[in-house]
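Comments concern the structure below.
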Amino acid sequence: MARPNHAGPLATAQAQLAAAVERLGYDEGLHTMLATPRRELHVAIPLRRDDGSTQVLHGFRVQHNITRGPGKGGLRYHPSVDIDEVRALAMWMTWKCAVVELPYGGAKGGVAIEPRLYSPGELERVTRRYTSEIMPMIGPERDIMAPDVGTDAQTMAWVMDTYSVNQGYTIPAVVTGKPLEVGGSLGRATATSRGVVHCARAALAESGLDLPDVRVAVQGFGKVGSHAARFFAEGGARVEAVSDEFGAMHRSGGLDLPRLLDHVRRTGSVVDFDGGDPLPGDALLTLDVDVLVPAAVEGVLTHENAPEVKARWVVEGANGPTTPRADAILADRGVVVVPDILANAGGVVVSYFEWVQAQQAYWWTEAEIEAKLAERMATAYAAVAEMARREQVTLRDAALLLSVQRVATAHRTRGLYP
């Protein structure tokens, strides 16, 4: 999916932090410390292609902040990955972990690669070489990776194996989001999506509504969006439109999600689904629905299309889907935006549960995990909503104020060394 032409995610992340720091009254020194990544690594990844040729790819790992605990963040494979995007995503992870009260700091990694153009063997070699290059930075007490765009549970298994072989024993807690067979957690694959729906339900409840009362559009029918759409439908919502990078489908009254999911499993796309009508992908964002879930890439809601958004609630399944200018427009129009650092935090919450289970070598049931996730998301949403009411700000501003304040308090409590 082509990325819109606007200021990049790092500019968005920095603008959000600056606004929070100003409202909290922090000095420039603390602001700079909160804005500056603790560690960054840029690595070259030589790859032997299946045809015998050699290609050099570029990878990154950024630890934005580790004051509250080890770094935590995904590994992204996408052709547009660069250091600034990884810096922004790492910063958002810091705030995300803080807003849901996890003992982690924010980190992120990425490789500039289009994974669909590479064989499984080539992707394994890329992953193992990337892991070996960043190995001094990672570990269950240092920095824990998870899947992100373009990576999956198998990628995490390769990372875990590479790290473990080099340490001489099996260390499941070095990554989360890995297969169950090698220490993964039940419920991890759908955790982000469940968190999105928990937050949507909490936001609707403030207006006396529940899922059966609303129509939903999901932009990005991938790992997060497809499961979120299914959970919305199972909860009684009418999911009227979905899209992926190839196109969009729409049906008034709601799409048949089980049939749509089966179609996507068979064809790889929502396009040509016979249970709906084709829709231009961008049109989904301004469709006449109650809840809009942007669950694809950064910066899809901009100052150009925000005035046309008809949804009353925007629940951010993706990281950074709304630019600052769009945010201001939506706020002025009374649209409730449940921000990414809260709405899509379900994934990192269950990643934390997976890490805890791996450290203890004791695994929980899926029912236990889902109950703990629901409780954690409800508690976090209530704290953010209370901050928003008390400070008379948007949910995004409240989530940032709460999380930045928690990280800054940890900095001040620990002090500076030396």
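Quick note on naming: the chains in the structure tokens go A, B, ... in the order shown, residues restart at 1 in each chain, and ligands are numbered from 1 in order of appearance.
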Worksheet item: Which residues, written as a ChimeraX atom specification, have at least one atom at most 8 Å from range 384-399 of chain A, with only C-alpha atoms counted and residues fewer than 2 positions away on the same chain left out?
Response: /A:16,20,99,331,336-339,341-342,380-382,401-403
Worksheet item: Can you tell me, as an NGL selection string, what residues are no more than 10 Å from range 38-45 of chain A when counting only C-alpha atoms, ignoring any on the same chain fewer than 6 positions away?
Response: :A and (55-67 or 82-83 or 86-87 or 106-111 or 125-134 or 137)
Discussion item. Can you pull out every residue from range 252-378 of chain A that DSSP, working from the backbone, puts in strand (DSSP E or B), and format the result as a list in words?
Written reply: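 In range 252-378 of chain A, DSSP puts these residues in strand (DSSP E or B): Asp277, Pro278, Leu279, Val291, Leu292, Val293, Pro294, Leu301, Trp313, Val314, Val315, Thr322, Val336, Val337 and Val338 of chain A.
Residues within 7 Å of range 351-362 of chain A, counting only C-alpha atoms and excluding same-chain residues fewer than 6 positions away, are Pro172, Ala173, Thr176, Gly177, Gly183, Gly184, Ser185 and Arg188 of chain A.
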Worksheet item: Which of range 145-206 of chain A counts as helix (DSSP H, G or I) under DSSP, as an NGL selection string please?
Response: :A and (153-167 or 172-174 or 180-182 or 191-205)
Go ahead and dump the residues you just picked, N, CA and C atoms, as a short mmCIF file (atom, residue, chain, number, x, y, z; two decimals), in the first residue's frame.
data_model
loop_
_atom_site.label_atom_id
_atom_site.label_comp_id
_atom_site.auth_asym_id
_atom_site.auth_seq_id
_atom_site.Cartn_x
_atom_site.Cartn_y
_atom_site.Cartn_z
N ALA A 153 5.39 -15.78 13.48
CA ALA A 153 5.86 -16.68 14.52
C ALA A 153 7.11 -17.46 14.08
N GLN A 154 7.15 -17.84 12.80
CA GLN A 154 8.32 -18.58 12.31
C GLN A 154 9.57 -17.71 12.38
N THR A 155 9.44 -16.44 12.05
CA THR A 155 10.58 -15.52 12.16
C THR A 155 11.10 -15.51 13.59
N MET A 156 10.18 -15.45 14.55
CA MET A 156 10.60 -15.43 15.95
C MET A 156 11.28 -16.72 16.36
N ALA A 157 10.83 -17.85 15.79
CA ALA A 157 11.49 -19.13 16.09
C ALA A 157 12.93 -19.13 15.60
N TRP A 158 13.17 -18.53 14.41
CA TRP A 158 14.54 -18.43 13.89
C TRP A 158 15.40 -17.53 14.78
N VAL A 159 14.82 -16.41 15.23
CA VAL A 159 15.56 -15.51 16.13
C VAL A 159 15.92 -16.25 17.42
N MET A 160 14.93 -16.92 18.01
CA MET A 160 15.17 -17.62 19.27
C MET A 160 16.24 -18.70 19.10
N ASP A 161 16.16 -19.44 18.01
CA ASP A 161 17.13 -20.52 17.80
C ASP A 161 18.53 -19.96 17.61
N THR A 162 18.66 -18.90 16.81
CA THR A 162 19.98 -18.31 16.57
C THR A 162 20.58 -17.80 17.87
N TYR A 163 19.78 -17.10 18.65
CA TYR A 163 20.27 -16.58 19.93
C TYR A 163 20.63 -17.72 20.88
N SER A 164 19.76 -18.73 20.96
CA SER A 164 19.98 -19.84 21.89
C SER A 164 21.22 -20.65 21.53
N VAL A 165 21.40 -20.93 20.23
CA VAL A 165 22.57 -21.70 19.80
C VAL A 165 23.85 -20.97 20.18
N ASN A 166 23.85 -19.65 20.03
CA ASN A 166 25.05 -18.89 20.37
C ASN A 166 25.29 -18.80 21.87
N GLN A 167 24.22 -18.92 22.67
CA GLN A 167 24.39 -18.90 24.12
C GLN A 167 24.66 -20.29 24.69
N PRO A 172 13.79 -19.40 25.57
CA PRO A 172 12.53 -19.00 24.92
C PRO A 172 12.16 -17.53 25.13
N ALA A 173 12.58 -16.93 26.26
CA ALA A 173 12.12 -15.58 26.61
C ALA A 173 12.81 -14.48 25.82
N VAL A 174 13.71 -14.82 24.89
CA VAL A 174 14.37 -13.77 24.10
C VAL A 174 13.42 -13.16 23.08
N LEU A 180 3.73 -22.10 19.50
CA LEU A 180 3.47 -22.78 20.77
C LEU A 180 4.47 -23.89 21.03
N GLU A 181 4.93 -24.55 19.97
CA GLU A 181 5.81 -25.70 20.12
C GLU A 181 7.16 -25.35 20.73
N VAL A 182 7.54 -24.08 20.67
CA VAL A 182 8.84 -23.66 21.21
C VAL A 182 8.67 -22.59 22.29
N ALA A 191 -4.03 -11.31 20.14
CA ALA A 191 -4.10 -10.41 21.30
C ALA A 191 -4.28 -8.95 20.91
N THR A 192 -3.56 -8.48 19.89
CA THR A 192 -3.69 -7.08 19.48
C THR A 192 -5.12 -6.80 19.04
N SER A 193 -5.68 -7.73 18.27
CA SER A 193 -7.04 -7.56 17.77
C SER A 193 -8.05 -7.54 18.92
N ARG A 194 -7.87 -8.44 19.87
CA ARG A 194 -8.79 -8.45 21.02
C ARG A 194 -8.68 -7.14 21.80
N GLY A 195 -7.46 -6.62 21.94
CA GLY A 195 -7.29 -5.36 22.64
C GLY A 195 -8.00 -4.21 21.94
N VAL A 196 -7.94 -4.19 20.61
CA VAL A 196 -8.66 -3.17 19.83
C VAL A 196 -10.16 -3.22 20.14
N VAL A 197 -10.71 -4.43 20.16
CA VAL A 197 -12.15 -4.57 20.39
C VAL A 197 -12.50 -4.24 21.84
N HIS A 198 -11.66 -4.62 22.79
CA HIS A 198 -11.90 -4.24 24.19
C HIS A 198 -11.96 -2.73 24.33
N CYS A 199 -11.02 -2.02 23.68
CA CYS A 199 -10.99 -0.56 23.77
C CYS A 199 -12.20 0.07 23.07
N ALA A 200 -12.57 -0.49 21.93
CA ALA A 200 -13.75 0.03 21.23
C ALA A 200 -14.99 -0.11 22.10
N ARG A 201 -15.11 -1.27 22.73
CA ARG A 201 -16.27 -1.52 23.59
C ARG A 201 -16.29 -0.54 24.77
N ALA A 202 -15.11 -0.26 25.35
CA ALA A 202 -15.04 0.68 26.48
C ALA A 202 -15.41 2.09 26.03
N ALA A 203 -14.95 2.49 24.83
CA ALA A 203 -15.27 3.83 24.32
C ALA A 203 -16.76 3.95 24.03
N LEU A 204 -17.35 2.92 23.44
CA LEU A 204 -18.78 2.94 23.15
C LEU A 204 -19.60 3.00 24.42
N ALA A 205 -19.15 2.30 25.46
CA ALA A 205 -19.89 2.25 26.71
C ALA A 205 -20.05 3.63 27.33
#
Discussion item. Please list as a VMD selection string every residue within 7 Å of range 304-313 of chain A, counting only C-alpha atoms and excluding residues in the same chain fewer than 3 positions away.
Written reply: chain A and resid 285 to 292 301 326 329 to 330 335 to 337
Worksheet item: Pick the closest to Thr12 in chain A from A:Gly334, A:Gly415, A:Gly320, A:Gly150: which is it, counting only C-alpha atoms?
Response: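 Result for the nearest residue to Thr12 in chain A: A:Gly320.
From CA of Gly253 in chain A back to CA of Asp210 in chain A, the distance works out to 16.5 Å.
Using only C-alpha atoms, the smallest distance between any of A:Ile171, A:Val314, A:Ala410, A:Met135 and Gln219 in chain A comes from A:Val314.
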Item to complete: Just give me the gap between CA of Phe273 in chain A and CA of Met249 in chain A in Å, one decimal is fine.
Response: 7.3 Å
Item to complete: Have a look at A:Val407, A:Ile138, A:Leu279, A:Ala237 and name the one nearest to Arg251 in chain A; count only C-alpha atoms.
Response: A:Leu279
Practice prompt. Mind giving me the straight-line distance from CA of Thr94 in chain A to CA of Ala378 in chain A in Å, one decimal?
Written response: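 Rounded to one decimal, the two atoms are 19.6 Å apart.
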Worksheet entry | 9 Å contact set for Leu17 in chain A, only C-alpha atoms, chain neighbours under 3 positions out, as a PyMOL selection string | chain A and resi 12-14+20-22+31+34-35+400-401+404
Just-selected residues, all heavy atoms written as an mmCIF file, in the first residue's frame:
data_model
loop_
_atom_site.group_PDB
_atom_site.id
_atom_site.type_symbol
_atom_site.label_atom_id
_atom_site.label_comp_id
_atom_site.auth_asym_id
_atom_site.auth_seq_id
_atom_site.Cartn_x
_atom_site.Cartn_y
_atom_site.Cartn_z
ATOM 1 N N THR A 12 5.809 12.913 13.694
ATOM 2 C CA THR A 12 4.564 12.763 14.448
ATOM 3 C C THR A 12 4.849 12.397 15.897
ATOM 4 O O THR A 12 4.304 13.003 16.831
ATOM 5 C CB THR A 12 3.685 11.674 13.804
ATOM 6 O OG1 THR A 12 3.350 12.068 12.473
ATOM 7 C CG2 THR A 12 2.410 11.456 14.598
ATOM 8 N N ALA A 13 5.717 11.415 16.111
ATOM 9 C CA ALA A 13 6.040 10.979 17.469
ATOM 10 C C ALA A 13 6.676 12.106 18.280
ATOM 11 O O ALA A 13 6.355 12.305 19.463
ATOM 12 C CB ALA A 13 6.974 9.773 17.424
ATOM 13 N N GLN A 14 7.580 12.848 17.655
ATOM 14 C CA GLN A 14 8.246 13.942 18.361
ATOM 15 C C GLN A 14 7.279 15.073 18.690
ATOM 16 O O GLN A 14 7.358 15.676 19.771
ATOM 17 C CB GLN A 14 9.414 14.454 17.527
ATOM 18 C CG GLN A 14 10.575 13.473 17.461
ATOM 19 C CD GLN A 14 11.681 13.931 16.535
ATOM 20 O OE1 GLN A 14 11.451 14.695 15.595
ATOM 21 N NE2 GLN A 14 12.890 13.452 16.770
ATOM 22 N N ALA A 20 3.083 16.842 25.067
ATOM 23 C CA ALA A 20 2.921 16.281 26.407
ATOM 24 C C ALA A 20 3.894 16.926 27.393
ATOM 25 O O ALA A 20 3.519 17.262 28.524
ATOM 26 C CB ALA A 20 3.123 14.767 26.372
ATOM 27 N N VAL A 21 5.134 17.087 26.969
ATOM 28 C CA VAL A 21 6.154 17.684 27.834
ATOM 29 C C VAL A 21 5.776 19.112 28.203
ATOM 30 O O VAL A 21 5.920 19.539 29.362
ATOM 31 C CB VAL A 21 7.529 17.644 27.133
ATOM 32 C CG1 VAL A 21 8.523 18.580 27.818
ATOM 33 C CG2 VAL A 21 8.068 16.220 27.131
ATOM 34 N N GLU A 22 5.266 19.850 27.230
ATOM 35 C CA GLU A 22 4.873 21.244 27.504
ATOM 36 C C GLU A 22 3.750 21.293 28.536
ATOM 37 O O GLU A 22 3.790 22.092 29.476
ATOM 38 C CB GLU A 22 4.433 21.913 26.207
ATOM 39 C CG GLU A 22 4.048 23.381 26.402
ATOM 40 C CD GLU A 22 3.650 24.059 25.108
ATOM 41 O OE1 GLU A 22 3.586 23.380 24.061
ATOM 42 O OE2 GLU A 22 3.387 25.291 25.141
ATOM 43 N N HIS A 31 13.060 16.752 28.552
ATOM 44 C CA HIS A 31 12.452 16.565 27.231
ATOM 45 C C HIS A 31 13.443 15.891 26.282
ATOM 46 O O HIS A 31 13.110 14.917 25.594
ATOM 47 C CB HIS A 31 12.000 17.913 26.668
ATOM 48 C CG HIS A 31 11.347 17.818 25.316
ATOM 49 N ND1 HIS A 31 11.072 18.921 24.551
ATOM 50 C CD2 HIS A 31 10.933 16.748 24.583
ATOM 51 C CE1 HIS A 31 10.499 18.538 23.419
ATOM 52 N NE2 HIS A 31 10.415 17.223 23.411
ATOM 53 N N LEU A 34 13.893 12.230 27.091
ATOM 54 C CA LEU A 34 12.748 11.428 26.686
ATOM 55 C C LEU A 34 12.654 11.275 25.174
ATOM 56 O O LEU A 34 12.110 10.292 24.670
ATOM 57 C CB LEU A 34 11.455 12.059 27.215
ATOM 58 C CG LEU A 34 11.268 12.046 28.733
ATOM 59 C CD1 LEU A 34 10.082 12.920 29.130
ATOM 60 C CD2 LEU A 34 11.058 10.620 29.236
ATOM 61 N N ALA A 35 13.189 12.244 24.439
ATOM 62 C CA ALA A 35 13.091 12.227 22.974
ATOM 63 C C ALA A 35 14.212 11.452 22.306
ATOM 64 O O ALA A 35 14.087 11.058 21.144
ATOM 65 C CB ALA A 35 13.078 13.661 22.443
ATOM 66 N N LEU A 400 -0.814 9.955 26.304
ATOM 67 C CA LEU A 400 0.571 10.425 26.265
ATOM 68 C C LEU A 400 0.973 11.068 27.587
ATOM 69 O O LEU A 400 2.073 10.832 28.104
ATOM 70 C CB LEU A 400 0.763 11.411 25.115
ATOM 71 C CG LEU A 400 0.869 10.769 23.728
ATOM 72 C CD1 LEU A 400 0.612 11.790 22.628
ATOM 73 C CD2 LEU A 400 2.245 10.140 23.545
ATOM 74 N N LEU A 401 0.086 11.897 28.153
ATOM 75 C CA LEU A 401 0.391 12.517 29.440
ATOM 76 C C LEU A 401 0.648 11.456 30.501
ATOM 77 O O LEU A 401 1.622 11.535 31.261
ATOM 78 C CB LEU A 401 -0.762 13.426 29.875
ATOM 79 C CG LEU A 401 -0.946 14.742 29.128
ATOM 80 C CD1 LEU A 401 -2.247 15.413 29.532
ATOM 81 C CD2 LEU A 401 0.237 15.674 29.367
ATOM 82 N N VAL A 404 4.007 9.384 29.475
ATOM 83 C CA VAL A 404 5.219 10.201 29.589
ATOM 84 C C VAL A 404 5.494 10.510 31.059
ATOM 85 O O VAL A 404 6.645 10.472 31.515
ATOM 86 C CB VAL A 404 5.079 11.499 28.762
ATOM 87 C CG1 VAL A 404 6.226 12.460 29.060
ATOM 88 C CG2 VAL A 404 5.044 11.164 27.267
#
Worksheet, complete the sentence: Using only C-alpha atoms, the best pick from A:Pro294, A:Pro324, A:Gly25, A:Gly69 as closest to Gln405 in chain A would be A:Gly25
Discussion item. I need the residue nearest Val214 in chain A from this list: A:Pro37, A:Gly236, A:Gly121, A:Gly247. Use only C-alpha atoms for the distance.
Written reply: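 Of all the options, A:Gly236 lies closest to Val214 in chain A.
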